[in-house]
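Undergrad: Please find model-v9.pdb (PDB, C-alpha atoms and all ligand atoms) on the next line:
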```pdb
ATOM      1  CA  MET A   1     121.237 -66.448 137.552
ATOM      2  CA  VAL A   2     122.498 -63.525 135.535
ATOM      3  CA  ASP A   3     121.409 -62.902 131.960
ATOM      4  CA  ILE A   4     124.149 -62.525 129.376
ATOM      5  CA  ASN A   5     123.522 -60.974 125.972
ATOM      6  CA  CYS A   6     125.929 -60.227 123.142
ATOM      7  CA  ILE A   7     125.279 -56.827 121.577
ATOM      8  CA  ASP A   8     126.836 -56.835 118.105
ATOM      9  CA  VAL A   9     129.123 -53.799 117.905
ATOM     10  CA  THR A  10     130.927 -54.678 114.674
ATOM     11  CA  PRO A  11     131.486 -51.304 112.913
ATOM     12  CA  GLN A  12     129.139 -49.862 110.293
ATOM     13  CA  TYR A  13     126.664 -52.189 108.571
ATOM     14  CA  LYS A  14     128.936 -55.166 109.259
ATOM     15  CA  SER A  15     128.063 -57.872 111.773
ATOM     16  CA  GLY A  16     129.266 -60.986 113.527
ATOM     17  CA  TYR A  17     132.728 -59.885 114.655
ATOM     18  CA  ILE A  18     132.618 -57.921 117.944
ATOM     19  CA  CYS A  19     130.448 -58.544 121.015
ATOM     20  CA  SER A  20     129.824 -56.148 123.848
ATOM     21  CA  TYR A  21     128.287 -58.315 126.566
ATOM     22  CA  LEU A  22     125.487 -56.988 128.719
ATOM     23  CA  VAL A  23     125.552 -58.881 132.017
ATOM     24  CA  ASP A  24     122.255 -58.353 133.745
ATOM     25  CA  SER A  25     121.952 -59.244 137.410
ATOM     26  CA  SER A  26     118.842 -58.334 139.397
ATOM     27  CA  GLU A  27     120.178 -55.028 140.736
ATOM     28  CA  LYS A  28     123.366 -54.404 138.781
ATOM     29  CA  ARG A  29     124.071 -54.221 135.094
ATOM     30  CA  LEU A  30     127.476 -54.194 133.498
ATOM     31  CA  LEU A  31     129.077 -54.236 130.095
ATOM     32  CA  ILE A  32     132.036 -56.496 129.415
ATOM     33  CA  GLU A  33     133.808 -54.835 126.438
ATOM     34  CA  THR A  34     132.263 -51.819 124.735
ATOM     35  CA  GLY A  35     133.445 -52.253 121.167
ATOM     36  CA  PRO A  36     135.042 -49.490 119.095
ATOM     37  CA  MET A  37     134.369 -45.755 119.182
ATOM     38  CA  SER A  38     132.615 -45.943 115.805
ATOM     39  CA  SER A  39     129.981 -48.333 117.205
ATOM     40  CA  VAL A  40     128.580 -46.237 120.078
ATOM     41  CA  ALA A  41     125.218 -45.801 118.317
ATOM     42  CA  LYS A  42     125.020 -49.555 117.673
ATOM     43  CA  LEU A  43     125.730 -50.262 121.333
ATOM     44  CA  LEU A  44     123.046 -47.831 122.502
ATOM     45  CA  ASP A  45     120.545 -49.327 120.031
ATOM     46  CA  GLY A  46     121.434 -52.807 121.260
ATOM     47  CA  LEU A  47     120.883 -51.767 124.872
ATOM     48  CA  ALA A  48     117.527 -50.222 123.904
ATOM     49  CA  ASP A  49     116.494 -53.487 122.196
ATOM     50  CA  LEU A  50     117.128 -55.240 125.518
ATOM     51  CA  GLY A  51     115.067 -52.615 127.365
ATOM     52  CA  TYR A  52     117.895 -50.526 128.796
ATOM     53  CA  SER A  53     119.748 -47.273 128.324
ATOM     54  CA  LEU A  54     123.244 -46.197 129.299
ATOM     55  CA  SER A  55     121.904 -44.719 132.544
ATOM     56  CA  ASP A  56     121.086 -48.298 133.662
ATOM     57  CA  ILE A  57     124.745 -49.383 133.396
ATOM     58  CA  ASP A  58     126.637 -49.509 136.712
ATOM     59  CA  PHE A  59     130.041 -50.482 135.436
ATOM     60  CA  ILE A  60     132.149 -51.480 132.469
ATOM     61  CA  ILE A  61     134.906 -54.080 132.428
ATOM     62  CA  VAL A  62     137.350 -54.301 129.535
ATOM     63  CA  THR A  63     139.589 -57.325 128.963
ATOM     64  CA  HIS A  64     142.216 -55.037 127.413
ATOM     65  CA  ILE A  65     142.469 -51.604 125.843
ATOM     66  CA  HIS A  66     142.633 -52.398 122.108
ATOM     67  CA  LEU A  67     140.279 -50.265 120.004
ATOM     68  CA  ASP A  68     137.864 -53.089 119.127
ATOM     69  CA  HIS A  69     137.387 -53.925 122.837
ATOM     70  CA  ALA A  70     137.550 -50.613 124.702
ATOM     71  CA  GLY A  71     137.510 -47.869 122.057
ATOM     72  CA  SER A  72     134.236 -46.296 123.172
ATOM     73  CA  VAL A  73     134.719 -46.345 126.968
ATOM     74  CA  GLY A  74     135.619 -42.619 127.105
ATOM     75  CA  GLN A  75     132.580 -41.633 125.061
ATOM     76  CA  LEU A  76     130.233 -43.792 127.167
ATOM     77  CA  VAL A  77     131.582 -42.416 130.451
ATOM     78  CA  SER A  78     131.122 -38.855 129.138
ATOM     79  CA  MET A  79     127.446 -39.772 128.649
ATOM     80  CA  ASN A  80     127.083 -41.375 132.099
ATOM     81  CA  ARG A  81     129.610 -40.036 134.617
ATOM     82  CA  GLY A  82     128.547 -42.575 137.229
ATOM     83  CA  ILE A  83     130.007 -45.593 135.412
ATOM     84  CA  ARG A  84     133.006 -47.241 137.050
ATOM     85  CA  VAL A  85     135.494 -48.778 134.624
ATOM     86  CA  TYR A  86     137.624 -51.833 135.473
ATOM     87  CA  VAL A  87     140.837 -52.273 133.509
ATOM     88  CA  HIS A  88     144.196 -54.016 134.036
ATOM     89  CA  PRO A  89     146.645 -51.700 135.887
ATOM     90  CA  ARG A  90     149.002 -51.607 132.875
ATOM     91  CA  GLY A  91     146.141 -50.454 130.634
ATOM     92  CA  LEU A  92     144.676 -47.841 132.955
ATOM     93  CA  ILE A  93     146.930 -44.936 131.994
ATOM     94  CA  HIS A  94     146.174 -45.497 128.288
ATOM     95  CA  LEU A  95     142.430 -45.255 128.822
ATOM     96  CA  ASN A  96     143.019 -42.002 130.697
ATOM     97  CA  ASN A  97     145.337 -40.696 127.972
ATOM     98  CA  PRO A  98     144.775 -42.592 124.710
ATOM     99  CA  ILE A  99     147.206 -40.594 122.512
ATOM    100  CA  LYS A 100     149.918 -43.289 122.447
ATOM    101  CA  LEU A 101     147.331 -46.049 122.055
ATOM    102  CA  TRP A 102     145.852 -44.269 119.047
ATOM    103  CA  SER A 103     149.178 -43.718 117.289
ATOM    104  CA  ALA A 104     150.308 -47.314 117.979
ATOM    105  CA  SER A 105     146.955 -48.637 116.689
ATOM    106  CA  LYS A 106     147.215 -46.644 113.463
ATOM    107  CA  LYS A 107     150.688 -48.079 112.953
ATOM    108  CA  THR A 108     149.667 -51.707 113.564
ATOM    109  CA  LEU A 109     146.158 -51.722 112.097
ATOM    110  CA  GLY A 110     146.332 -49.050 109.394
ATOM    111  CA  GLU A 111     142.919 -48.373 107.818
ATOM    112  CA  THR A 112     141.193 -50.673 110.315
ATOM    113  CA  ALA A 113     142.148 -48.276 113.138
ATOM    114  CA  LYS A 114     140.331 -45.462 111.321
ATOM    115  CA  LEU A 115     137.296 -47.682 110.887
ATOM    116  CA  TYR A 116     137.291 -48.282 114.659
ATOM    117  CA  GLY A 117     137.648 -44.569 115.410
ATOM    118  CA  GLU A 118     139.801 -42.534 117.777
ATOM    119  CA  PRO A 119     139.146 -43.146 121.500
ATOM    120  CA  THR A 120     138.537 -40.264 123.905
ATOM    121  CA  PRO A 121     139.983 -40.078 127.468
ATOM    122  CA  VAL A 122     138.344 -41.693 130.489
ATOM    123  CA  PRO A 123     138.595 -39.465 133.609
ATOM    124  CA  MET A 124     140.936 -40.923 136.238
ATOM    125  CA  GLN A 125     138.223 -40.923 138.911
ATOM    126  CA  ASN A 126     136.137 -43.403 136.879
ATOM    127  CA  LEU A 127     138.993 -45.902 136.481
ATOM    128  CA  TYR A 128     139.789 -48.808 138.764
ATOM    129  CA  ALA A 129     142.492 -51.463 138.337
ATOM    130  CA  PRO A 130     141.706 -54.784 140.053
ATOM    131  CA  LYS A 131     144.438 -57.151 141.209
ATOM    132  CA  ASP A 132     144.853 -60.640 139.762
ATOM    133  CA  GLY A 133     142.278 -62.857 141.488
ATOM    134  CA  GLU A 134     140.342 -59.913 142.936
ATOM    135  CA  ILE A 135     136.605 -60.503 143.217
ATOM    136  CA  ILE A 136     133.567 -58.259 143.278
ATOM    137  CA  SER A 137     130.056 -59.380 144.125
ATOM    138  CA  ILE A 138     127.036 -58.477 142.092
ATOM    139  CA  ASP A 139     123.776 -59.630 143.643
ATOM    140  CA  GLU A 140     123.482 -62.914 141.739
ATOM    141  CA  ASP A 141     127.065 -63.763 140.952
ATOM    142  CA  ILE A 142     130.724 -63.163 141.839
ATOM    143  CA  ILE A 143     133.087 -61.630 139.302
ATOM    144  CA  LYS A 144     136.728 -62.692 139.416
ATOM    145  CA  PHE A 145     139.465 -60.872 137.505
ATOM    146  CA  ILE A 146     142.024 -63.259 136.026
ATOM    147  CA  TYR A 147     145.210 -61.789 134.560
ATOM    148  CA  THR A 148     145.803 -63.486 131.201
ATOM    149  CA  PRO A 149     148.835 -61.865 129.508
ATOM    150  CA  GLY A 150     150.113 -63.017 126.123
ATOM    151  CA  HIS A 151     147.918 -61.370 123.492
ATOM    152  CA  ALA A 152     148.764 -58.188 125.378
ATOM    153  CA  SER A 153     150.727 -57.736 128.596
ATOM    154  CA  HIS A 154     147.704 -55.952 130.094
ATOM    155  CA  HIS A 155     145.066 -58.550 129.211
ATOM    156  CA  MET A 156     142.665 -59.960 131.793
ATOM    157  CA  SER A 157     139.779 -62.421 131.518
ATOM    158  CA  ILE A 158     136.589 -62.125 133.519
ATOM    159  CA  PHE A 159     135.124 -65.141 135.289
ATOM    160  CA  LEU A 160     131.550 -65.246 136.573
ATOM    161  CA  MET A 161     132.113 -67.803 139.313
ATOM    162  CA  LYS A 162     128.528 -68.905 139.934
ATOM    163  CA  SER A 163     127.432 -69.048 136.305
ATOM    164  CA  GLY A 164     130.759 -70.595 135.266
ATOM    165  CA  VAL A 165     131.124 -68.225 132.317
ATOM    166  CA  ILE A 166     134.528 -66.866 131.299
ATOM    167  CA  PHE A 167     134.933 -63.790 129.074
ATOM    168  CA  THR A 168     138.195 -64.397 127.268
ATOM    169  CA  GLY A 169     138.705 -61.171 125.291
ATOM    170  CA  ASP A 170     141.424 -62.174 122.810
ATOM    171  CA  SER A 171     143.275 -64.532 125.189
ATOM    172  CA  ALA A 172     141.601 -67.639 123.728
ATOM    173  CA  GLY A 173     141.835 -66.397 120.172
ATOM    174  CA  ILE A 174     138.910 -65.714 117.905
ATOM    175  CA  ASN A 175     136.099 -68.151 117.345
ATOM    176  CA  ILE A 176     133.875 -67.517 114.366
ATOM    177  CA  SER A 177     131.211 -70.216 113.970
ATOM    178  CA  GLY A 178     133.448 -72.786 115.665
ATOM    179  CA  ASN A 179     136.593 -71.911 113.687
ATOM    180  CA  ILE A 180     139.316 -70.967 116.161
ATOM    181  CA  ILE A 181     142.649 -69.264 115.537
ATOM    182  CA  PRO A 182     145.170 -67.522 117.812
ATOM    183  CA  VAL A 183     145.402 -63.715 117.731
ATOM    184  CA  THR A 184     149.090 -62.894 118.045
ATOM    185  CA  PRO A 185     149.860 -59.410 116.662
ATOM    186  CA  PRO A 186     153.003 -57.667 117.962
ATOM    187  CA  PRO A 187     153.948 -57.318 120.750
ATOM    188  CA  HIS A 188     152.954 -60.915 121.511
ATOM    189  CA  ASN A 189     154.338 -63.373 124.043
ATOM    190  CA  PRO A 190     153.299 -66.943 123.111
ATOM    191  CA  ILE A 191     154.757 -68.477 126.302
ATOM    192  CA  LYS A 192     152.573 -66.224 128.457
ATOM    193  CA  ALA A 193     149.575 -66.779 126.156
ATOM    194  CA  ILE A 194     149.863 -70.556 126.570
ATOM    195  CA  ASP A 195     150.240 -70.216 130.366
ATOM    196  CA  SER A 196     147.150 -68.002 130.406
ATOM    197  CA  LEU A 197     145.112 -70.600 128.500
ATOM    198  CA  ARG A 198     146.147 -73.283 131.005
ATOM    199  CA  LYS A 199     145.180 -70.943 133.842
ATOM    200  CA  MET A 200     141.704 -70.506 132.330
ATOM    201  CA  ILE A 201     141.251 -74.236 131.663
ATOM    202  CA  ASN A 202     142.043 -74.892 135.344
ATOM    203  CA  LEU A 203     139.008 -72.799 136.297
ATOM    204  CA  HIS A 204     136.783 -75.335 134.488
ATOM    205  CA  PRO A 205     134.390 -72.763 133.026
ATOM    206  CA  ARG A 206     131.130 -74.138 131.656
ATOM    207  CA  ARG A 207     130.722 -71.480 128.987
ATOM    208  CA  ILE A 208     133.167 -69.365 127.024
ATOM    209  CA  ALA A 209     132.211 -65.841 125.929
ATOM    210  CA  PHE A 210     134.430 -64.837 123.007
ATOM    211  CA  THR A 211     134.509 -61.132 122.153
ATOM    212  CA  HIS A 212     135.012 -62.396 118.575
ATOM    213  CA  PHE A 213     132.328 -63.810 118.580
ATOM    214  CA  GLY A 214     129.651 -65.216 120.862
ATOM    215  CA  LEU A 215     128.932 -67.627 123.717
ATOM    216  CA  TYR A 216     129.945 -71.280 123.444
ATOM    217  CA  ASP A 217     129.299 -74.214 125.757
ATOM    218  CA  GLY A 218     132.161 -76.230 127.098
ATOM    219  CA  LEU A 219     135.787 -76.363 128.042
ATOM    220  CA  ALA A 220     136.630 -78.000 124.705
ATOM    221  CA  TYR A 221     136.809 -74.586 123.036
ATOM    222  CA  LEU A 222     139.567 -73.485 125.410
ATOM    223  CA  GLU A 223     141.413 -76.742 124.858
ATOM    224  CA  ARG A 224     141.173 -76.260 121.105
ATOM    225  CA  ALA A 225     142.513 -72.717 121.473
ATOM    226  CA  LEU A 226     145.434 -74.047 123.536
ATOM    227  CA  ASN A 227     146.229 -76.720 120.947
ATOM    228  CA  LYS A 228     146.131 -74.115 118.192
ATOM    229  CA  TRP A 229     148.507 -71.807 120.058
ATOM    230  CA  VAL A 230     150.948 -74.665 120.640
ATOM    231  CA  MET A 231     150.707 -75.768 117.008
ATOM    232  CA  TRP A 232     151.189 -72.290 115.539
ATOM    233  CA  THR A 233     154.077 -71.390 117.814
ATOM    234  CA  ASN A 234     155.869 -74.718 117.191
ATOM    235  CA  TYR A 235     155.615 -74.357 113.433
ATOM    236  CA  VAL A 236     156.405 -70.660 113.260
ATOM    237  CA  SER A 237     159.468 -70.952 115.519
ATOM    238  CA  GLU A 238     160.722 -73.788 113.300
ATOM    239  CA  TRP A 239     160.199 -71.704 110.139
ATOM    240  CA  TYR A 240     161.786 -68.676 111.759
ATOM    241  CA  ASN A 241     164.860 -70.739 112.651
ATOM    242  CA  GLU A 242     165.010 -72.110 109.093
ATOM    243  CA  GLY A 243     165.178 -68.538 107.818
ATOM    244  CA  LEU A 244     161.741 -68.374 106.159
ATOM    245  CA  ASP A 245     160.029 -64.981 105.990
ATOM    246  CA  VAL A 246     156.675 -63.858 107.403
ATOM    247  CA  ALA A 247     154.783 -64.053 104.095
ATOM    248  CA  THR A 248     155.922 -67.627 103.403
ATOM    249  CA  SER A 249     155.103 -68.716 106.967
ATOM    250  CA  TYR A 250     151.667 -67.144 106.624
ATOM    251  CA  ARG A 251     150.976 -69.192 103.485
ATOM    252  CA  LYS A 252     152.243 -72.339 105.196
ATOM    253  CA  ILE A 253     149.885 -71.781 108.155
ATOM    254  CA  LEU A 254     146.978 -71.493 105.694
ATOM    255  CA  ASP A 255     148.090 -74.806 104.165
ATOM    256  CA  LEU A 256     148.020 -76.514 107.562
ATOM    257  CA  ASP A 257     145.098 -74.922 109.368
ATOM    258  CA  GLU A 258     141.632 -75.158 107.799
ATOM    259  CA  ASP A 259     140.143 -72.844 110.425
ATOM    260  CA  ALA A 260     142.601 -70.172 109.323
ATOM    261  CA  VAL A 261     141.490 -70.580 105.704
ATOM    262  CA  ARG A 262     137.843 -70.163 106.702
ATOM    263  CA  LEU A 263     138.659 -67.157 108.864
ATOM    264  CA  GLU A 264     140.671 -65.554 106.071
ATOM    265  CA  ARG A 265     137.540 -65.841 103.924
ATOM    266  CA  PHE A 266     135.466 -64.363 106.770
ATOM    267  CA  TYR A 267     137.880 -61.424 107.130
ATOM    268  CA  ASN A 268     137.793 -60.764 103.389
ATOM    269  CA  GLU A 269     133.993 -60.726 103.347
ATOM    270  CA  LEU A 270     133.979 -58.471 106.397
ATOM    271  CA  SER A 271     136.623 -56.198 104.752
ATOM    272  CA  LEU A 272     137.678 -55.085 108.199
ATOM    273  CA  GLY A 273     140.818 -56.868 109.288
ATOM    274  CA  ASN A 274     142.148 -58.107 105.974
ATOM    275  CA  ASN A 275     145.667 -58.681 107.187
ATOM    276  CA  GLU A 276     144.835 -60.057 110.650
ATOM    277  CA  ILE A 277     146.414 -63.477 110.152
ATOM    278  CA  LEU A 278     149.505 -62.088 108.445
ATOM    279  CA  ILE A 279     149.891 -59.582 111.321
ATOM    280  CA  SER A 280     149.586 -62.483 113.791
ATOM    281  CA  ILE A 281     152.399 -64.404 112.089
ATOM    282  CA  ASP A 282     154.444 -61.192 112.149
ATOM    283  CA  GLY A 283     153.796 -60.963 115.916
ATOM    284  CA  LEU A 284     155.244 -64.450 116.440
ATOM    285  CA  PHE A 285     158.267 -63.618 114.238
ATOM    286  CA  LYS A 286     158.908 -60.446 116.230
ATOM    287  CA  TYR A 287     158.770 -62.460 119.454
ATOM    288  CA  TYR A 288     161.408 -64.908 118.190
ATOM    289  CA  GLU A 289     163.581 -62.006 116.987
ATOM    290  CA  TRP A 290     163.323 -60.505 120.470
ATOM    291  CA  VAL A 291     164.220 -63.829 122.124
ATOM    292  CA  LYS A 292     167.254 -64.160 119.845
ATOM    293  CA  ARG A 293     168.439 -60.613 120.617
ATOM    294  CA  ASP A 294     168.243 -61.054 124.390
TER     295      ASP A 294
HETATM  296 ZN    ZN B 301     140.129 -58.129 119.532
END
```
If you convert what's in this file into structure tokens, what do you get?
TA:
Amino acid sequence: MVDINCIDVTPQYKSGYICSYLVDSSEKRLLIETGPMSSVAKLLDGLADLGYSLSDIDFIIVTHIHLDHAGSVGQLVSMNRGIRVYVHPRGLIHLNNPIKLWSASKKTLGETAKLYGEPTPVPMQNLYAPKDGEIISIDEDIIKFIYTPGHASHHMSIFLMKSGVIFTGDSAGINISGNIIPVTPPPHNPIKAIDSLRKMINLHPRRIAFTHFGLYDGLAYLERALNKWVMWTNYVSEWYNEGLDVATSYRKILDLDEDAVRLERFYNELSLGNNEILISIDGLFKYYEWVKRD
């Protein structure tokens, strides 16, 4: 069996929000997610604590290109040119040339983007875009790439078929100490997100590895994420149609969803993504505006 360890790559002195997973098979070692640019030193320290250095890493897989998941890939590859990087085909160009990604991130995330740091380019020859359902073998397991759009159009989840572990990136929301909420910043597509959750449930994974944050046993966490997505989208579409605004809908979600209240508290203590939930509600509003326009 492979060993899976979460290296905490939450920026600065903060902790408990972002995992980079070291997957350790007998001959191959890979990272699933790298965390942000500002956490490279933390990642290297975490690897050292587990007895490794960057030169022991064979490849990196990122679920999507957002700064908190893939921000340091360019820097890591510049330190070990032999690393192969797996990314969804729609994300590949943005890892190679992150200028647009950086300006879009600053617009959406504001100060948080600066805290994550500006990504550097990954050379084209290090990048590889797997197809949906494509598999690669590592000595003790088989890795399957599962396209899971919704949170982002270029999102994929990573399934270790023998261990039964799925790495969900942001496609199953965030799970902090068992509190689960959807992550739906613009541009978000809730229909695709819900389809993606069903697709993952149908794989019957035994364990769920959330980038935010940690490994959990059981399918129930995916089912809870699905229920949350359905609940949020039903309510928010109703409020949108009634003419409510984003701020009011945000407060109404906090009234209805205790997990969201606890996560809002967590975000405030972390002082990292203070407006995350509000931005998520905005993402759903923008989706309904888009549907109405078309
Ligand atoms: Zn994320």
Undergrad: Could you report the residues within 8 Å of ligand ZN 301 (chain B), using all atoms listed in the file, as a PDB file with C-alpha atoms, in the coordinates of the input?
TA:
```
ATOM      1  CA  ILE A  18     132.618 -57.921 117.944  1.00  0.00           C
ATOM      2  CA  HIS A  66     142.633 -52.398 122.108  1.00  0.00           C
ATOM      3  CA  LEU A  67     140.279 -50.265 120.004  1.00  0.00           C
ATOM      4  CA  ASP A  68     137.864 -53.089 119.127  1.00  0.00           C
ATOM      5  CA  HIS A  69     137.387 -53.925 122.837  1.00  0.00           C
ATOM      6  CA  GLY A 169     138.705 -61.171 125.291  1.00  0.00           C
ATOM      7  CA  ASP A 170     141.424 -62.174 122.810  1.00  0.00           C
ATOM      8  CA  ILE A 174     138.910 -65.714 117.905  1.00  0.00           C
ATOM      9  CA  VAL A 183     145.402 -63.715 117.731  1.00  0.00           C
ATOM     10  CA  THR A 211     134.509 -61.132 122.153  1.00  0.00           C
ATOM     11  CA  HIS A 212     135.012 -62.396 118.575  1.00  0.00           C
TER      12      HIS A 212
END
```
Undergrad: I'd like the interatomic distance between CA of Ser38 (chain A) and CA of Asn126 (chain A), to a tenth of an Å.
TA: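 CA of Ser38 (chain A) sits 21.5 Å away from CA of Asn126 (chain A).
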Undergrad: Quick one: of A:Met161, A:Leu127, A:Val77, A:Leu270, who's nearest to Ile93 (chain A), counting all atoms listed in the file?
TA: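 When distances to Ile93 (chain A) are compared using all atoms listed in the file, the smallest one comes from A:Leu127.
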Undergrad: Mind working out the centre and edge lengths of an axis-aligned box for region 131-135 of chain A, all listed atoms inside, 6 Å added to each side, rounded to one decimal in Å and written as AutoDock Vina command-line options?
TA:
```
--center_x 140.7 --center_y -60.0 --center_z 141.5 --size_x 20.2 --size_y 17.7 --size_z 15.5
```
Undergrad: For Asp141 (chain A), which residue among A:Asp24, A:Asp257, A:Asp245, A:Glu289 is the nearest when counting only C-alpha atoms?
TA: A:Asp24
Undergrad: Give me the residues within 12 Å of Asp56 (chain A) as a PyMOL selection string, counting only C-alpha atoms and dropping any in the same chain fewer than 3 places off.
TA: chain A and resi 22-31+44+47-48+50-53+59-60+79-83
Undergrad: With the file shown as input, list the residues that the PyMOL selection byres (((chain A and resi 272) around 12) and not hetatm) selects, as JSON, numbers by chain.
TA: {"A": [10, 11, 12, 13, 14, 15, 16, 17, 18, 68, 109, 110, 111, 112, 113, 114, 115, 116, 264, 265, 266, 267, 268, 269, 270, 271, 273, 274, 275, 276]}
Undergrad: Which residues come within 8 Å of Trp102 (chain A), counting only C-alpha atoms, excluding same-chain residues fewer than 4 positions away, as a ChimeraX atom specification?
TA: /A:98,106,118-119
Undergrad: What's around Gly178 (chain A) at 9 Å? Count all atoms listed in the file, leave out sequence neighbours fewer than 6 positions away in its own chain, and write the answer as a ChimeraX atom specification.
TA: /A:216,221,259
Undergrad: With the PyMOL selection byres (((chain A and resi 145) around 8) and not hetatm) as the selection, what would be picked from this file? Answer as a list in words, please.
TA: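 Written out, the selection comes to Pro130, Lys131, Asp132, Gly133, Glu134, Ile135, Ile143, Lys144, Ile146, Tyr147, Met156, Ser157, Ile158 and Phe159 of chain A.
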Undergrad: In the coordinates of the file, take the point (146.1, -68.4, 115.0) and a cut-off of 10 Å; then, counting all atoms listed in the file, name each qualifying protein, DNA or RNA residue as a ChimeraX atom specification.
TA: /A:172-174,180-185,225,228-233,253-254,257,259-260,263,276-278,280-281
Undergrad: When distances are computed from only C-alpha atoms, which of A:His154, A:Lys252, A:Lys192, A:Lys42 shows the smallest separation from His94 (chain A)?
TA: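 Smallest separation from His94 (chain A) among the options: A:His154.
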Undergrad: Using all atoms listed in the file, give me every residue within 12 Å of (135.8, -75.8, 124.2) in file coordinates, as JSON, numbers by chain.
TA: {"A": [166, 172, 173, 175, 178, 179, 180, 197, 200, 201, 204, 205, 206, 207, 208, 209, 210, 215, 216, 217, 218, 219, 220, 221, 222, 223, 224, 225, 226, 227]}
Undergrad: Return as a count of residues only the set of residues that the PyMOL selection byres (((chain A and resi 34) around 9) and not hetatm) yields on the displayed structure.
TA: 23
Undergrad: Quick one: of A:Glu242, A:Ala129, A:Phe213, A:Met124, who's nearest to Ile7 (chain A), counting all atoms listed in the file?
TA: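 Looking only at the distances to Ile7 (chain A), the closest residue turns out to be A:Phe213.
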Undergrad: Do you have the CA of Asn202 (chain A)-CA of His64 (chain A) distance handy?
TA: 21.4 Å
Undergrad: Please indicate the distance in Å from CA of Pro89 (chain A) to CA of Asp8 (chain A), rounded to one decimal place.
TA: 27.1 Å
Undergrad: Rank A:Asn189, A:Leu160, A:Ala247, A:Gln125 by their smallest atom-to-atom distance to Asp139 (chain A), using only C-alpha atoms, and report the top residue only.
TA: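 The closest residue to Asp139 (chain A) is A:Leu160.
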Undergrad: From the options A:Val165, A:Leu244, A:Ile176, A:Leu95, which residue's atoms come nearest to Ile4 (chain A), counting all atoms listed in the file?
TA: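 Smallest separation from Ile4 (chain A) among the options: A:Val165.
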Undergrad: Using the incomplete input, complete region 99-112 of chain A to the level of N, CA and C atoms; output as a short mmCIF file (atom, residue, chain, number, x, y, z; two decimals), in the coordinates of the input.
TA:
```cif
data_model
loop_
_atom_site.label_atom_id
_atom_site.label_comp_id
_atom_site.auth_asym_id
_atom_site.auth_seq_id
_atom_site.Cartn_x
_atom_site.Cartn_y
_atom_site.Cartn_z
N ILE A 99 146.44 -41.10 123.67
CA ILE A 99 147.21 -40.59 122.51
C ILE A 99 148.19 -41.64 121.97
N LYS A 100 148.95 -42.27 122.88
CA LYS A 100 149.92 -43.29 122.45
C LYS A 100 149.21 -44.50 121.85
N LEU A 101 148.12 -44.90 122.52
CA LEU A 101 147.33 -46.05 122.06
C LEU A 101 146.85 -45.81 120.63
N TRP A 102 146.37 -44.60 120.37
CA TRP A 102 145.85 -44.27 119.05
C TRP A 102 146.96 -44.29 117.99
N SER A 103 148.12 -43.72 118.32
CA SER A 103 149.18 -43.72 117.29
C SER A 103 149.72 -45.13 117.07
N ALA A 104 149.84 -45.92 118.14
CA ALA A 104 150.31 -47.31 117.98
C ALA A 104 149.29 -48.12 117.17
N SER A 105 148.00 -47.89 117.40
CA SER A 105 146.96 -48.64 116.69
C SER A 105 146.97 -48.32 115.21
N LYS A 106 147.18 -47.02 114.88
CA LYS A 106 147.22 -46.64 113.46
C LYS A 106 148.39 -47.32 112.76
N LYS A 107 149.50 -47.45 113.52
CA LYS A 107 150.69 -48.08 112.95
C LYS A 107 150.46 -49.57 112.70
N THR A 108 149.86 -50.26 113.69
CA THR A 108 149.67 -51.71 113.56
C THR A 108 148.49 -52.04 112.64
N LEU A 109 147.39 -51.32 112.78
CA LEU A 109 146.16 -51.72 112.10
C LEU A 109 145.88 -50.95 110.80
N GLY A 110 146.55 -49.83 110.61
CA GLY A 110 146.33 -49.05 109.39
C GLY A 110 144.89 -48.57 109.28
N GLU A 111 144.28 -48.85 108.11
CA GLU A 111 142.92 -48.37 107.82
C GLU A 111 141.90 -48.89 108.84
N THR A 112 142.15 -50.10 109.35
CA THR A 112 141.19 -50.67 110.32
C THR A 112 141.07 -49.78 111.55
#
```
